[in-house]
$ cat upload.tsv   # TSV, C-alpha atoms
chain	number	residue	atom	x	y	z
N	10	MET	CA	0.00	0.00	0.00
N	11	ARG	CA	1.38	3.40	-0.94
N	12	GLU	CA	0.47	7.02	-0.32
N	13	LEU	CA	-1.07	8.72	-3.36
N	14	SER	CA	0.57	11.89	-4.68
N	15	ASN	CA	-1.27	15.23	-4.74
N	16	ASN	CA	-1.52	15.02	-8.53
N	17	GLU	CA	-3.14	11.59	-8.28
N	18	LEU	CA	-5.59	12.85	-5.66
N	19	VAL	CA	-6.58	15.72	-7.95
N	20	GLN	CA	-7.18	13.26	-10.78
N	21	ILE	CA	-9.44	11.20	-8.49
N	22	GLU	CA	-11.35	14.31	-7.42
N	23	ASN	CA	-11.85	15.40	-11.04
N	24	SER	CA	-13.01	11.95	-11.97
N	25	ILE	CA	-15.60	11.89	-9.17
N	26	GLN	CA	-16.73	15.47	-9.87
N	27	LYS	CA	-17.71	14.45	-13.42
N	28	LYS	CA	-20.34	12.10	-11.99
N	29	GLY	CA	-22.34	15.09	-10.73
N	30	VAL	CA	-23.13	13.51	-7.35
N	31	GLN	CA	-24.41	16.10	-4.86
N	32	THR	CA	-24.95	14.03	-1.73
N	33	ALA	CA	-22.11	14.54	0.74
N	34	GLU	CA	-22.68	11.13	2.39
N	35	LEU	CA	-22.27	9.33	-0.93
N	36	LEU	CA	-19.35	11.45	-2.16
N	37	ALA	CA	-17.40	10.66	1.01
N	38	GLU	CA	-18.01	6.95	0.46
N	39	ILE	CA	-17.04	7.01	-3.24
N	40	TYR	CA	-13.91	9.07	-2.54
N	41	ASP	CA	-12.78	6.69	0.19
N	42	HIS	CA	-13.50	3.68	-2.04
N	43	TYR	CA	-11.42	5.13	-4.90
N	44	ILE	CA	-8.45	6.00	-2.68
N	45	SER	CA	-8.56	2.69	-0.74
N	46	HIS	CA	-8.48	0.80	-4.05
N	47	LEU	CA	-5.84	2.89	-5.82
N	48	GLU	CA	-3.47	2.85	-2.84
N	49	ASN	CA	-2.98	-0.88	-3.48
N	50	PHE	CA	-1.49	-0.38	-6.95
N	51	PRO	CA	1.89	0.97	-8.11
N	52	GLU	CA	2.13	4.41	-9.73
N	53	GLY	CA	2.43	2.86	-13.21
N	54	ASN	CA	-1.02	1.26	-12.94
N	55	PHE	CA	-2.76	4.33	-11.58
N	56	ILE	CA	-4.48	5.54	-14.78
N	57	GLU	CA	-5.56	2.03	-15.76
N	58	GLN	CA	-7.06	1.36	-12.31
N	59	LEU	CA	-8.72	4.77	-12.18
N	60	GLU	CA	-10.40	4.06	-15.52
N	61	ALA	CA	-11.47	0.64	-14.26
N	62	LEU	CA	-13.09	2.28	-11.23
N	63	ASP	CA	-14.80	4.87	-13.45
N	64	GLN	CA	-16.32	2.07	-15.47
N	65	LYS	CA	-17.80	0.55	-12.32
N	66	TRP	CA	-18.94	3.85	-10.80
N	67	THR	CA	-20.70	5.11	-13.92
N	68	TYR	CA	-22.76	8.31	-14.04
N	69	SER	CA	-26.04	6.39	-14.11
N	70	TYR	CA	-25.00	4.01	-11.33
N	71	CYS	CA	-23.95	6.92	-9.09
N	72	HIS	CA	-27.25	8.72	-9.70
N	73	LYS	CA	-29.28	5.59	-9.03
N	74	LEU	CA	-27.31	5.09	-5.82
N	75	GLN	CA	-27.88	8.73	-4.86
N	76	HIS	CA	-31.63	8.42	-5.49
N	77	ASP	CA	-31.93	5.19	-3.48
N	78	LEU	CA	-29.78	6.58	-0.67
N	79	SER	CA	-32.03	9.61	-0.41
N	80	LYS	CA	-35.10	7.34	-0.21
N	81	ASN	CA	-33.43	5.16	2.43
N	82	ILE	CA	-32.39	8.17	4.51
N	83	ASN	CA	-35.95	9.53	4.37
N	84	LYS	CA	-37.30	6.13	5.41
N	85	SER	CA	-34.85	5.81	8.30
N	86	ILE	CA	-35.72	9.30	9.61
N	87	ARG	CA	-39.47	8.59	9.39
N	88	THR	CA	-39.08	5.21	11.11
N	89	LEU	CA	-36.96	6.69	13.89
N	90	GLN	CA	-39.30	9.66	14.41
N	91	TRP	CA	-42.35	7.40	14.52
N	92	ALA	CA	-40.66	5.16	17.13
N	93	LEU	CA	-39.88	8.27	19.20
N	94	ILE	CA	-43.46	9.59	18.89
N	95	LYS	CA	-44.80	6.23	20.06
N	96	SER	CA	-42.48	6.40	23.07
N	97	TYR	CA	-44.39	9.50	24.27
N	98	PHE	CA	-47.42	7.27	24.78
N	99	THR	CA	-45.64	4.67	26.88
N	100	TRP	CA	-44.49	4.82	30.47
N	101	PRO	CA	-42.56	6.86	31.81
N	102	ARG	CA	-42.80	9.46	29.03
N	103	MET	CA	-46.58	9.29	29.22
N	104	VAL	CA	-46.29	11.52	32.32
N	105	PHE	CA	-44.79	14.28	30.17
N	106	THR	CA	-47.49	13.87	27.51
N	107	LEU	CA	-50.33	14.07	30.05
N	108	THR	CA	-48.73	17.07	31.75
N	109	LEU	CA	-48.40	18.82	28.39
N	110	ILE	CA	-52.07	18.23	27.54
N	111	GLY	CA	-53.04	19.44	31.04
N	112	ILE	CA	-51.05	22.67	30.72
N	113	LEU	CA	-52.41	23.36	27.22
N	114	THR	CA	-56.00	22.77	28.37
N	115	ILE	CA	-55.58	25.18	31.29
N	116	LEU	CA	-53.86	27.79	29.12
N	117	VAL	CA	-56.49	27.70	26.38
N	118	ASP	CA	-59.20	28.83	28.82
N	119	MET	CA	-57.03	31.59	30.24
N	120	LEU	CA	-55.75	33.13	27.04
N	121	ALA	CA	-57.48	35.39	24.55
N	122	TRP	CA	-57.49	34.38	20.88
N	123	LYS	CA	-54.42	36.46	19.90
N	124	MET	CA	-52.39	35.20	22.85
N	125	GLN	CA	-53.43	31.65	22.01
N	126	VAL	CA	-51.96	32.04	18.54
N	127	LEU	CA	-48.77	33.47	19.98
N	128	VAL	CA	-48.27	30.84	22.67
N	129	PHE	CA	-49.71	27.76	20.94
N	130	PHE	CA	-48.34	28.31	17.47
N	131	GLY	CA	-45.79	31.13	17.69
N	132	ILE	CA	-43.45	29.60	20.27
N	133	PRO	CA	-43.21	26.11	18.66
N	134	LEU	CA	-42.80	27.64	15.21
N	135	VAL	CA	-39.98	29.93	16.38
N	136	PHE	CA	-38.30	26.90	17.97
N	137	ILE	CA	-38.59	25.04	14.64
N	138	ALA	CA	-37.25	27.99	12.64
N	139	VAL	CA	-34.25	28.41	14.97
N	140	PHE	CA	-33.60	24.67	14.90
N	141	MET	CA	-33.66	24.68	11.08
N	142	VAL	CA	-31.03	27.44	11.00
N	143	PHE	CA	-28.95	25.50	13.54
N	144	ILE	CA	-29.09	22.34	11.37
N	145	LEU	CA	-28.11	24.33	8.27
N	146	VAL	CA	-25.09	25.89	9.99
N	147	ARG	CA	-23.97	22.63	11.57
N	148	THR	CA	-24.30	20.72	8.30
N	149	ARG	CA	-22.23	23.33	6.50
N	150	MET	CA	-19.51	22.90	9.11
N	151	LYS	CA	-19.60	19.10	8.95
N	152	THR	CA	-19.58	18.95	5.14
N	153	LYS	CA	-16.93	21.65	4.72
N	154	GLN	CA	-14.21	19.20	3.71
N	155	ILE	CA	-16.35	17.36	1.16
N	156	ARG	CA	-17.80	20.59	-0.26
N	157	LYS	CA	-14.29	22.00	-0.69
N	158	LEU	CA	-13.32	18.97	-2.77
N	159	PHE	CA	-16.43	18.46	-4.89
N	160	ASN	CA	-18.39	21.72	-5.09
N	161	THR	CA	-18.55	23.06	-8.62
N	162	PRO	CA	-20.48	26.01	-10.09
N	163	TYR	CA	-22.91	23.46	-11.58
N	164	SER	CA	-23.24	21.05	-8.70
N	165	LYS	CA	-23.60	22.05	-5.05
N	166	VAL	CA	-22.80	19.40	-2.47
N	167	SER	CA	-25.18	19.02	0.46
N	168	SER	CA	-26.09	16.48	3.10
N	169	SER	CA	-29.07	14.31	2.25
N	170	TYR	CA	-29.80	13.88	5.96
N	171	SER	CA	-29.92	17.63	6.39
N	172	SER	CA	-32.33	18.10	3.45
N	173	HIS	CA	-34.72	15.46	4.79
N	174	PHE	CA	-34.60	16.82	8.35
N	175	LEU	CA	-35.37	20.31	7.06
N	176	ILE	CA	-38.34	18.99	5.06
N	177	HIS	CA	-39.68	17.13	8.10
N	178	LEU	CA	-39.19	20.17	10.30
N	179	ALA	CA	-41.04	22.42	7.86
N	180	ILE	CA	-44.27	20.39	8.03
N	181	PRO	CA	-45.76	22.41	10.95
N	182	LEU	CA	-45.21	25.62	8.98
N	183	ASN	CA	-47.86	24.30	6.61
N	184	PHE	CA	-50.14	23.74	9.62
N	185	PHE	CA	-49.89	27.44	10.29
N	186	ASN	CA	-51.20	28.28	6.83
N	187	LEU	CA	-53.82	25.56	6.81
N	188	PHE	CA	-55.34	26.21	10.21
N	189	LEU	CA	-54.75	29.90	10.82
N	190	ASN	CA	-54.41	31.74	7.54
N	191	LEU	CA	-56.90	29.83	5.39
N	192	PRO	CA	-59.85	30.09	7.84
N	193	ARG	CA	-59.22	33.84	8.01
N	194	VAL	CA	-59.15	34.15	4.20
N	195	PHE	CA	-62.49	32.35	3.86
N	196	GLY	CA	-64.03	33.91	6.98
N	197	LEU	CA	-64.42	30.48	8.59
N	198	HIS	CA	-63.14	31.71	11.96
N	199	GLN	CA	-66.41	33.62	12.43
N	200	ILE	CA	-68.52	30.49	11.90
N	201	ILE	CA	-66.59	28.01	14.07
N	202	PRO	CA	-67.74	28.08	17.74
N	203	ASP	CA	-65.24	29.07	20.45
N	204	TYR	CA	-65.13	25.69	22.15
N	205	LEU	CA	-64.13	24.05	18.85
N	206	ILE	CA	-61.42	26.65	18.26
N	207	ASN	CA	-60.06	25.91	21.73
N	208	PHE	CA	-60.11	22.17	21.08
N	209	LEU	CA	-58.35	22.63	17.70
N	210	SER	CA	-55.73	24.94	19.24
N	211	VAL	CA	-54.84	22.40	21.93
N	212	THR	CA	-54.78	19.52	19.43
N	213	PHE	CA	-52.57	21.23	16.90
N	214	CYS	CA	-50.23	22.72	19.46
N	215	PHE	CA	-49.86	19.23	20.97
N	216	ILE	CA	-49.08	17.76	17.53
N	217	ILE	CA	-46.54	20.50	16.75
N	218	VAL	CA	-44.78	20.10	20.11
N	219	LEU	CA	-44.62	16.33	19.78
N	220	HIS	CA	-43.40	16.61	16.20
N	221	SER	CA	-40.69	19.15	17.13
N	222	LEU	CA	-39.49	17.15	20.11
N	223	SER	CA	-39.38	13.82	18.27
N	224	ILE	CA	-37.60	15.27	15.23
N	225	SER	CA	-35.02	17.01	17.42
N	226	GLU	CA	-34.43	13.74	19.27
N	227	ALA	CA	-34.07	11.92	15.93
N	228	TRP	CA	-31.58	14.57	14.84
N	229	LYS	CA	-29.62	14.10	18.07
N	230	ILE	CA	-29.32	10.35	17.37
N	231	LYS	CA	-28.46	10.72	13.68
N	232	SER	CA	-26.05	13.62	14.22
N	233	LYS	CA	-23.65	11.26	15.98
N	234	THR	CA	-23.02	9.38	12.75
N	235	ALA	CA	-24.16	11.59	9.84
N	236	PHE	CA	-23.12	14.92	8.30
N	237	ILE	CA	-25.69	16.90	10.29
W	10	MET	CA	-18.60	-20.55	-8.60
W	11	SER	CA	-18.85	-16.90	-9.60
W	12	ASN	CA	-22.54	-16.86	-10.34
W	13	SER	CA	-23.55	-13.26	-9.69
W	14	ASN	CA	-27.23	-14.11	-9.14
W	15	LEU	CA	-26.36	-16.55	-6.36
W	16	ILE	CA	-24.07	-13.99	-4.75
W	17	LYS	CA	-26.66	-11.23	-5.08
W	18	GLY	CA	-29.24	-13.37	-3.32
W	19	SER	CA	-26.91	-13.99	-0.39
W	20	LEU	CA	-25.32	-10.56	-0.22
W	21	GLN	CA	-27.21	-9.33	2.84
W	22	THR	CA	-26.28	-12.50	4.70
W	23	ILE	CA	-22.63	-12.10	3.67
W	24	ILE	CA	-22.56	-8.49	4.89
W	25	LEU	CA	-24.22	-9.31	8.20
W	26	LYS	CA	-21.91	-12.27	8.81
W	27	LEU	CA	-18.81	-10.21	7.97
W	28	LEU	CA	-19.85	-7.54	10.43
W	29	GLU	CA	-20.59	-10.11	13.10
W	30	GLU	CA	-17.02	-11.38	12.78
W	31	ASN	CA	-15.31	-8.01	12.34
W	32	ASP	CA	-17.18	-5.55	14.56
W	33	LYS	CA	-16.95	-2.62	12.11
W	34	MET	CA	-15.93	-2.40	8.43
W	35	TYR	CA	-16.02	0.03	5.52
W	36	GLY	CA	-17.30	-0.77	2.03
W	37	TYR	CA	-14.00	-1.38	0.23
W	38	GLU	CA	-12.73	-3.47	3.14
W	39	MET	CA	-15.73	-5.80	2.77
W	40	THR	CA	-15.04	-6.40	-0.93
W	41	GLN	CA	-11.42	-7.24	-0.12
W	42	LYS	CA	-12.31	-9.47	2.83
W	43	VAL	CA	-14.71	-11.57	0.74
W	44	LYS	CA	-12.11	-11.83	-2.02
W	45	GLU	CA	-9.52	-12.97	0.53
W	46	LEU	CA	-11.81	-15.50	2.27
W	47	THR	CA	-12.85	-17.11	-1.02
W	48	ALA	CA	-9.41	-16.91	-2.67
W	49	GLY	CA	-10.83	-14.57	-5.31
W	50	GLU	CA	-13.71	-16.90	-6.26
W	51	ILE	CA	-16.38	-14.48	-5.07
W	52	LYS	CA	-16.03	-10.83	-5.96
W	53	ILE	CA	-18.60	-8.45	-4.52
W	54	THR	CA	-19.18	-5.63	-6.94
W	55	GLU	CA	-19.68	-2.03	-5.88
W	56	GLY	CA	-22.89	-2.09	-7.90
W	57	ALA	CA	-24.43	-4.55	-5.46
W	58	LEU	CA	-22.59	-3.81	-2.22
W	59	TYR	CA	-23.43	-0.15	-1.56
W	60	PRO	CA	-27.18	-0.36	-2.31
W	61	ALA	CA	-27.34	-3.38	0.04
W	62	LEU	CA	-25.43	-1.52	2.78
W	63	HIS	CA	-27.68	1.56	2.49
W	64	LYS	CA	-30.80	-0.63	2.56
W	65	LEU	CA	-29.65	-2.52	5.66
W	66	GLU	CA	-28.87	0.80	7.34
W	67	ALA	CA	-32.35	2.14	6.52
W	68	GLU	CA	-33.90	-1.05	7.92
W	69	GLY	CA	-32.07	-0.40	11.18
W	70	LEU	CA	-29.89	-3.51	10.96
W	71	LEU	CA	-26.69	-1.52	10.49
W	72	THR	CA	-25.43	1.66	12.04
W	73	THR	CA	-22.69	3.90	10.67
W	74	GLU	CA	-19.93	5.98	12.13
W	75	VAL	CA	-17.76	8.49	10.31
W	76	GLN	CA	-14.04	8.66	11.02
W	77	GLN	CA	-11.28	10.89	9.71
W	78	VAL	CA	-8.63	8.79	7.92
W	79	ASP	CA	-5.66	10.45	6.16
W	80	ASN	CA	-7.41	13.69	5.21
W	81	ARG	CA	-10.60	11.97	4.12
W	82	VAL	CA	-13.76	10.75	5.74
W	83	ARG	CA	-14.41	7.02	6.09
W	84	LYS	CA	-17.83	5.53	6.79
W	85	TYR	CA	-17.73	2.42	8.99
W	86	TYR	CA	-20.67	0.04	9.23
W	87	SER	CA	-21.48	-2.08	12.27
W	88	LEU	CA	-24.38	-4.21	13.46
W	89	THR	CA	-27.19	-2.79	15.56
W	90	LYS	CA	-28.93	-4.88	18.23
W	91	SER	CA	-31.58	-5.99	15.74
W	92	GLY	CA	-28.83	-6.59	13.17
W	93	LYS	CA	-27.12	-9.00	15.56
W	94	LYS	CA	-30.39	-10.92	15.96
W	95	GLU	CA	-30.93	-10.92	12.20
W	96	VAL	CA	-27.53	-12.59	11.57
W	97	SER	CA	-28.61	-15.84	13.21
W	98	THR	CA	-31.96	-15.82	11.35
W	99	LYS	CA	-30.26	-15.23	8.02
W	100	MET	CA	-27.62	-17.87	8.70
W	101	ALA	CA	-30.28	-20.44	9.60
W	102	GLU	CA	-32.18	-19.58	6.40
W	103	LEU	CA	-29.03	-19.98	4.31
W	104	GLN	CA	-28.13	-23.24	6.02
W	105	ALA	CA	-31.61	-24.66	5.34
W	106	PHE	CA	-31.39	-23.51	1.73
W	107	VAL	CA	-28.00	-25.19	1.21
W	108	GLU	CA	-29.32	-28.43	2.76
W	109	ASN	CA	-32.34	-28.42	0.47
W	110	MET	CA	-30.19	-27.69	-2.57
W	111	GLN	CA	-27.97	-30.66	-1.65
W	112	ARG	CA	-31.05	-32.89	-1.56
W	113	ILE	CA	-32.19	-31.65	-4.96
W	114	ILE	CA	-28.75	-32.04	-6.51
W	115	ASN	CA	-28.25	-35.45	-4.95
W	116	PRO	CA	-31.67	-37.14	-4.41
W	117	ASN	CA	-29.99	-40.28	-2.98
W	118	ILE	CA	-29.12	-38.42	0.21
W	119	ASN	CA	-31.28	-39.38	3.20
W	120	PRO	CA	-33.87	-36.49	3.56
W	121	SER	CA	-33.45	-36.44	7.35
W	122	LEU	CA	-29.66	-36.08	7.09
W	123	LYS	CA	-28.29	-32.82	8.47
W	124	PHE	CA	-25.26	-31.20	6.90

$ encode --input "upload.tsv" --output "structure tokens"
Amino acid sequence: MRELSNNELVQIENSIQKKGVQTAELLAEIYDHYISHLENFPEGNFIEQLEALDQKWTYSYCHKLQHDLSKNINKSIRTLQWALIKSYFTWPRMVFTLTLIGILTILVDMLAWKMQVLVFFGIPLVFIAVFMVFILVRTRMKTKQIRKLFNTPYSKVSSSYSSHFLIHLAIPLNFFNLFLNLPRVFGLHQIIPDYLINFLSVTFCFIIVLHSLSISEAWKIKSKTAFI
Amino acid sequence: MSNSNLIKGSLQTIILKLLEENDKMYGYEMTQKVKELTAGEIKITEGALYPALHKLEAEGLLTTEVQQVDNRVRKYYSLTKSGKKEVSTKMAELQAFVENMQRIINPNINPSLKF
């Protein structure tokens, strides 16, 4: 096994760049595979072995792998989040869930409509927005090395985990539009009785809090091993 | 014995067994280990290995850890708790399959004979 020269490393990087892969997780794996393989051959065989690798890691194969990896990452995040959500309905976490529902039910009777919106939707949504920024910054730091190697003007490298976490986190922002803005646009808020509004506020705030907590826990677990 | 369809069908079992024996491994290391164990008779291609690894990870049978190695990042795979349980199931399935194949190939063998 030998150490590759800088010129050889540049050739490897150029070769991988041509595949147009944008997922940091996959690029790291391909790059390591190329180097691990090429280190086993003498300098004279470098070009031949690099070409052999390129024939295995074709453009279409890399893109299929990237697509499947993205699907698998999405699946693993959903599975993990669902397992965490279920844990809130089993002992001892059930205590937290019941306490949360109790607090929300007390608050909904005490607060006026505008304060309800602020407390029940505003606070969780601000938490989500701040958390999204935090994930973006942290991912940029963790993928710095890979981005430096493979970013081109035509292809921006990013973490697939980060993209999927951001999509999952953004779901409650749609709740805001669906349950607060749309009723106002169509004047539905004047028709719906107060008790139903209170019930809906508690329900949706509960869902948003549970969603935010479970996704942040999932992130905590995945961040130990992924580029997030 | 380099039938790629046979290898493809047993790839998940091969990966799980390798990780049971070796604690943690990276992709290229697995291809080399299989080559070494089978004296080059079985070659796991990248085309089959990485999709299988990513699938097993998504199913929660494997976990990954990223390590810095000589100015690059290396992704190591290892078995999760459920992955460890799955190894014995997969091995039993493979064993039963091999036994049945032996009986088909050689019908004179006593059906109750264990290999």

$ interface_residues --input "upload.tsv" --of "chain N" --to "chain W" --cutoff "6 Å" --atoms "all atoms listed in the file" --output "PyMOL selection string"
chain N and resi 37+42+81+85+234

$ atom_distance --input "upload.tsv" --atom1 "atom CA of N:Phe143" --atom2 "atom CA of N:Phe213"
24.2 Å

$ closest_residue --input "upload.tsv" --among "N:Ser79, N:Ser168, N:Gln154, N:Ser221" --to "N:Val135" --atoms "only C-alpha atoms"
N:Ser221

$ residues_around --input "upload.tsv" --residues "N:Leu47" --least-positions-apart "4" --cutoff "7 Å" --atoms "all atoms listed in the file" --output "CSV table (one decimal) with C-alpha atoms, in the coordinates of the input"
chain,number,residue,atom,x,y,z
N,43,TYR,CA,-11.4,5.1,-4.9
N,55,PHE,CA,-2.8,4.3,-11.6
N,58,GLN,CA,-7.1,1.4,-12.3

$ residues_around --input "upload.tsv" --residues "stretch 118-131 of chain N" --least-positions-apart "5" --cutoff "10 Å" --atoms "only C-alpha atoms" --output "number ranges by chain"
N: 113, 136-137, 181-182, 184-185, 189, 203-204, 206-207, 210-215, 217-218

$ atom_distance --input "upload.tsv" --atom1 "atom CA of W:Lys52" --atom2 "atom CA of W:Met39"
10.1 Å

$ atom_distance --input "upload.tsv" --atom1 "atom CA of N:Arg11" --atom2 "atom CA of N:Ile44"
10.3 Å

$ residues_around --input "upload.tsv" --residues "W:Thr89" --least-positions-apart "3" --cutoff "6 Å" --atoms "only C-alpha atoms" --output "list in words"
Leu70, Leu71, Thr72 and Gly92 of chain W

$ write_last_selection --input "upload.tsv" --atoms "C-alpha atoms" --output "mmCIF file, keeping the file's coordinate frame"
data_model
loop_
_atom_site.group_PDB
_atom_site.id
_atom_site.type_symbol
_atom_site.label_atom_id
_atom_site.label_comp_id
_atom_site.auth_asym_id
_atom_site.auth_seq_id
_atom_site.Cartn_x
_atom_site.Cartn_y
_atom_site.Cartn_z
ATOM 1 C CA LEU W 70 -29.890 -3.510 10.960
ATOM 2 C CA LEU W 71 -26.690 -1.520 10.490
ATOM 3 C CA THR W 72 -25.430 1.660 12.040
ATOM 4 C CA GLY W 92 -28.830 -6.590 13.170
#

$ residues_around --input "upload.tsv" --residues "W:Ile53" --least-positions-apart "5" --cutoff "8 Å" --atoms "all atoms listed in the file" --output "list in words"
Ile16, Thr40, Val43, Lys44 and Leu58 of chain W

$ write_last_selection --input "upload.tsv" --atoms "C-alpha atoms" --output "compact mmCIF listing (two decimals), keeping the file's coordinate frame"
# COMPACT_ATOMS: atom_id res chain seq x y z
CA ILE W 16 -24.07 -13.99 -4.75
CA THR W 40 -15.04 -6.40 -0.93
CA VAL W 43 -14.71 -11.57 0.74
CA LYS W 44 -12.11 -11.83 -2.02
CA LEU W 58 -22.59 -3.81 -2.22

$ closest_residue --input "upload.tsv" --among "N:Leu62, N:Ala92, N:Val166, N:Cys71" --to "N:Thr152" --atoms "only C-alpha atoms"
N:Val166

$ residues_around --input "upload.tsv" --residues "N:His173" --least-positions-apart "6" --cutoff "8 Å" --atoms "all atoms listed in the file" --output "count of residues only"
3

$ closest_residue --input "upload.tsv" --among "N:Ser232, N:Gln75, N:Asn160, N:Asn16" --to "N:Leu35" --atoms "all atoms listed in the file"
N:Gln75

$ axis_aligned_box --input "upload.tsv" --around "stretch 98-112 of chain W" --padding-each-side "3 Å" --output "lines of an AutoDock Vina configuration file"
center_x = -30.0
center_y = -24.1
center_z = 4.4
size_x = 10.7
size_y = 23.7
size_z = 19.9

$ decode --input "upload.tsv" --residues "stretch 197-216 of chain N" --atoms "N, CA and C atoms" --output "mmCIF file, in the first residue's frame"
data_model
loop_
_atom_site.group_PDB
_atom_site.id
_atom_site.type_symbol
_atom_site.label_atom_id
_atom_site.label_comp_id
_atom_site.auth_asym_id
_atom_site.auth_seq_id
_atom_site.Cartn_x
_atom_site.Cartn_y
_atom_site.Cartn_z
ATOM 1 N N LEU N 197 -63.917 31.641 7.840
ATOM 2 C CA LEU N 197 -64.419 30.482 8.591
ATOM 3 C C LEU N 197 -64.313 30.681 10.109
ATOM 4 N N HIS N 198 -63.349 31.528 10.530
ATOM 5 C CA HIS N 198 -63.139 31.715 11.962
ATOM 6 C C HIS N 198 -64.356 32.345 12.643
ATOM 7 N N GLN N 199 -65.221 33.010 11.827
ATOM 8 C CA GLN N 199 -66.410 33.621 12.433
ATOM 9 C C GLN N 199 -67.530 32.593 12.620
ATOM 10 N N ILE N 200 -67.455 31.500 11.839
ATOM 11 C CA ILE N 200 -68.518 30.488 11.904
ATOM 12 C C ILE N 200 -68.242 29.454 12.999
ATOM 13 N N ILE N 201 -66.948 29.092 13.136
ATOM 14 C CA ILE N 201 -66.592 28.011 14.074
ATOM 15 C C ILE N 201 -66.807 28.475 15.519
ATOM 16 N N PRO N 202 -67.519 27.674 16.343
ATOM 17 C CA PRO N 202 -67.739 28.080 17.742
ATOM 18 C C PRO N 202 -66.435 28.087 18.547
ATOM 19 N N ASP N 203 -66.442 28.893 19.630
ATOM 20 C CA ASP N 203 -65.241 29.074 20.453
ATOM 21 C C ASP N 203 -64.679 27.761 21.022
ATOM 22 N N TYR N 204 -65.606 26.924 21.511
ATOM 23 C CA TYR N 204 -65.128 25.688 22.153
ATOM 24 C C TYR N 204 -64.366 24.802 21.162
ATOM 25 N N LEU N 205 -64.809 24.851 19.870
ATOM 26 C CA LEU N 205 -64.134 24.046 18.848
ATOM 27 C C LEU N 205 -62.764 24.645 18.519
ATOM 28 N N ILE N 206 -62.720 25.981 18.511
ATOM 29 C CA ILE N 206 -61.424 26.646 18.259
ATOM 30 C C ILE N 206 -60.444 26.262 19.365
ATOM 31 N N ASN N 207 -60.921 26.278 20.607
ATOM 32 C CA ASN N 207 -60.056 25.910 21.735
ATOM 33 C C ASN N 207 -59.554 24.470 21.599
ATOM 34 N N PHE N 208 -60.475 23.586 21.238
ATOM 35 C CA PHE N 208 -60.111 22.172 21.082
ATOM 36 C C PHE N 208 -59.059 22.012 19.968
ATOM 37 N N LEU N 209 -59.288 22.718 18.836
ATOM 38 C CA LEU N 209 -58.352 22.634 17.699
ATOM 39 C C LEU N 209 -56.983 23.205 18.081
ATOM 40 N N SER N 210 -57.001 24.319 18.827
ATOM 41 C CA SER N 210 -55.727 24.938 19.238
ATOM 42 C C SER N 210 -54.902 23.962 20.066
ATOM 43 N N VAL N 211 -55.552 23.337 21.064
ATOM 44 C CA VAL N 211 -54.842 22.396 21.934
ATOM 45 C C VAL N 211 -54.320 21.220 21.105
ATOM 46 N N THR N 212 -55.172 20.685 20.242
ATOM 47 C CA THR N 212 -54.782 19.516 19.431
ATOM 48 C C THR N 212 -53.581 19.823 18.550
ATOM 49 N N PHE N 213 -53.657 20.948 17.833
ATOM 50 C CA PHE N 213 -52.569 21.232 16.899
ATOM 51 C C PHE N 213 -51.286 21.663 17.602
ATOM 52 N N CYS N 214 -51.432 22.361 18.710
ATOM 53 C CA CYS N 214 -50.228 22.718 19.456
ATOM 54 C C CYS N 214 -49.556 21.437 19.984
ATOM 55 N N PHE N 215 -50.385 20.511 20.465
ATOM 56 C CA PHE N 215 -49.865 19.233 20.970
ATOM 57 C C PHE N 215 -49.119 18.485 19.859
ATOM 58 N N ILE N 216 -49.722 18.454 18.666
ATOM 59 C CA ILE N 216 -49.079 17.759 17.533
ATOM 60 C C ILE N 216 -47.743 18.431 17.173
#
